[in-house]
Each structure stands twice: as structure tokens, then as C-alpha cells.
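Reviewing the structure listed below.
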Amino acid sequence: MSSANTLASQFGSAIIEQIDFRDETTLIVDQESAKEILRFCRDELKFDYLVDISSLDNLGTEPRWEMVYELCQLGNGTNEHLRIKYALGENEKADSVCDLWATANWHEREVYDMMGIEFTGHPDLRRILMWEGFPFFPLRKDFPLAGRESEMPDVAFTDRAPLEGGPFVTSPTSASTVHREPRSRDMK
Amino acid sequence: MSVMTTTQHAAYDTKVEGNIVFTQVDTAINWMRKNSVWPMPMGLACCAIELMGSASSRYDISRFGAEVMRFSPRQADVMIVAGTVTYKMALAVKRIWDQMPEPKWCIAMGACASSGGMYRSYAVLQGIDNLIPVDVYISGCPPRPEAVLEGLMRLQKKIEAEKSATSQFKKS
């Protein structure tokens, strides 16, 4: 019985959707049950290795955030992967999984630093790449690629980068690539 | 020695008195300075690897008197900014530059240090010349060691032309 089937029988309607693509399984789950599902994955299904935590910004849609957990079984030699996603509202906090996998500490700090998603139960939620006091969350879709001016005396400053008709970034849309990635786009 | 200008002088006979050369103070000081430019290797990214390459035996930066890499800014003459200067690192680079004693020079090595390079980004300073004065820019991503040596020779030419001593005196 595959891990996805076990989870489906265990958690029922908390598993919203299962996507299978080239032997990769992605489960879209309910936010309320996400922590319990992840705990079950670690304890019962032997996903002993958290490969990555990432987050998506679906700006303009509700809920705005999407959390992605990439799990792997190392200990039993099967090397099975499982991706678990759940949607998160703009002003909601995610549950920390630091108590399940110690490596989540830095992954969650990175998500907090870049996207501004906060985690409840994280032991040390500080910025990890940018400095303390940097006022923006640079991987959000409403943050310009060129950056913004900021000033932290004696620590660091930032300025706008010249983009020559850019920025050449993608936007979340179901329209064609031409709309998603134009040659240039004016940003206010 | 070709830089030093020897002149005939009636009072001295070099065959009798030993090796005496006549020159100008500026020329003498500049000659000494340009042949012992001690670099502060501000290695921040892959350019630092090429900088190491230019220091090792095949390219041998010591042929130009710049082999004494000083990791203390107080003993260095030229800061070679080799690599991507992020905003997080920018003020640290400035601080090290401020600790270097005069006279001092700066070489911006590679595209990133010169202009931000390919990083048109919120995180990268768009050229170290936003913070400290740069004497020589070296193009390349990263530059070959030959280019580093060329940059160093350009800097030597620049040092040669300085008014090292005469600038200390005011015209009355």
C-alpha cells in the first residue's frame, strides 16, 4: 500500500487532492490537519528526511500563500518522495514543524525571511539571509525585482537596481506565456 | 630602473663615488610604491578564485611586486574587490577600506564589483564605486589572470603619474 493510500484511508476528507505525475506524488491537504498529516508521515510512514520547505505567492487569489513540504524516506532505503501542499490565508500563520524535523528550523526561517510567512511554535524565527531590520519580504510577487530603498544605519542599506525596461519576471496567471512573461513590464 | 632618470653631474663621478642616480622625489617615491603594491584580497565570489590563480606560479603576480596578499587592511595598499558585493556585505567592505592607510588604491575586479554584473537585484550593490573610489576596473566574468595582471599594470602606470611628494607642499 502506497504512502498516499495509507494517508487517504487515515485522514479521509483532510486530503483534498492527489496528483500523480511521473511517479511523483503530491497531496494537497487541509490546512487544519497539515501538521497531523506531517507527523503521521514521519512517525508511521517513516519519512525521516525533510528535503525542503518552500512557499508560493499566488498574488491576487485567495488564499494567497501555498506551503510545500518535500519529504523523503532515507532510513529504509526506498528513497520514496512525497510532496505535501496546503493553502494558507494572507494573515494566517503556519504551524512550525521544527519539533518533527530539526532541519525545518532554517527552512522556515528562509520562508519567513523571503515571503514573510510566520510560523507558530518556531524556537527562533529570525531572518536568515537578509539582515534584521530589512523592512521588506523580497520574494513576494508585489515586491519589485529591482528592489526598494531602505536604510539601517551602520548595518546595511539597499537601493533600486537599473532594469532597462524590465523587470523580466513572471506573474501568476492562467493566461499564455506571452502575458505571463512579457519582454518588459512597467512596475510602479 | 628605466624609470629613474640619470643625469650627468659635474660634482659626482659614479665610477669613483659608487652608484648614485639623480632623480625627482616624486619619481623615486612612485617607483617604490608601484613595485610593492600589497593587495588586500577582498574575495567575495568566483573572481577570488581567478585572483588566487593570478597569484600562483603560472601567472605569478609577484613579478609585479604584488604578491604580498595582506589579510589585514592596515598593511595593504590596494584593495582588489573580487566578486559580488551584496548589500549585506557592502558596509563591511567600506569599513575595511576605511581601515587601509593612505596612500591606497582600489581595483574593481570583474563585472559584479564594477557594476553589479548580472545581478540586477534587490540584494546586490550595483558597483563598488557607489561606496569607495575605484582606480581600475577589470572586465570579465570572472576575468582571466592575464586581465588581473593587466589591471595591476594599469594601476602601476597610474601610480607612476601621481604627485606623491609635491602634492604635500602648498604653493605660497
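Identifiers in this document derive from the order of the C-alpha cells: chains are assigned A, B, ..., residues are numbered from 1 separately in each chain, and ligands are numbered from 1 in order of occurrence.
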
Exercise for review: Kindly provide, as an MDAnalysis selection string, the residues of chain B having any atom no farther than 9 Å from an atom of chain A, counting only C-alpha atoms.
Suggested key: chainID B and resid 87:92 116 119:126

Check your understanding: Can you list every residue in region 81-157 of chain B that DSSP puts in alpha helix (DSSP H), as a ChimeraX atom specification?
Key -> /B:87-99,110-115,145-157

Just write the chosen residues, C-alpha atoms, as a PDB file, in the first residue's frame.
ATOM      1  CA  TYR B  87      24.184  44.973   0.338  1.00  0.00           C
ATOM      2  CA  LYS B  88      24.701  42.789   3.377  1.00  0.00           C
ATOM      3  CA  MET B  89      28.473  42.861   2.789  1.00  0.00           C
ATOM      4  CA  ALA B  90      28.713  46.403   1.387  1.00  0.00           C
ATOM      5  CA  LEU B  91      29.326  48.319   4.604  1.00  0.00           C
ATOM      6  CA  ALA B  92      31.829  45.701   5.760  1.00  0.00           C
ATOM      7  CA  VAL B  93      33.826  46.306   2.557  1.00  0.00           C
ATOM      8  CA  LYS B  94      33.617  50.062   3.186  1.00  0.00           C
ATOM      9  CA  ARG B  95      34.781  49.566   6.762  1.00  0.00           C
ATOM     10  CA  ILE B  96      37.818  47.555   5.649  1.00  0.00           C
ATOM     11  CA  TRP B  97      38.589  50.211   3.025  1.00  0.00           C
ATOM     12  CA  ASP B  98      38.435  52.902   5.709  1.00  0.00           C
ATOM     13  CA  GLN B  99      40.955  50.951   7.788  1.00  0.00           C
ATOM     14  CA  GLY B 110      35.062  41.621 -12.652  1.00  0.00           C
ATOM     15  CA  ALA B 111      31.579  42.590 -13.743  1.00  0.00           C
ATOM     16  CA  CYS B 112      29.924  42.332 -10.310  1.00  0.00           C
ATOM     17  CA  ALA B 113      32.337  44.557  -8.431  1.00  0.00           C
ATOM     18  CA  SER B 114      32.329  47.054 -11.307  1.00  0.00           C
ATOM     19  CA  SER B 115      28.604  47.336 -11.942  1.00  0.00           C
ATOM     20  CA  PRO B 145      44.524  36.086 -14.530  1.00  0.00           C
ATOM     21  CA  GLU B 146      46.123  37.877 -17.500  1.00  0.00           C
ATOM     22  CA  ALA B 147      43.439  40.537 -17.138  1.00  0.00           C
ATOM     23  CA  VAL B 148      44.196  40.886 -13.434  1.00  0.00           C
ATOM     24  CA  LEU B 149      47.857  41.420 -14.262  1.00  0.00           C
ATOM     25  CA  GLU B 150      46.903  43.919 -16.965  1.00  0.00           C
ATOM     26  CA  GLY B 151      44.771  45.760 -14.402  1.00  0.00           C
ATOM     27  CA  LEU B 152      47.665  45.797 -11.970  1.00  0.00           C
ATOM     28  CA  MET B 153      49.987  47.192 -14.650  1.00  0.00           C
ATOM     29  CA  ARG B 154      47.428  49.901 -15.447  1.00  0.00           C
ATOM     30  CA  LEU B 155      47.388  50.772 -11.764  1.00  0.00           C
ATOM     31  CA  GLN B 156      51.183  50.928 -11.771  1.00  0.00           C
ATOM     32  CA  LYS B 157      51.047  53.381 -14.682  1.00  0.00           C
TER      33      LYS B 157
END
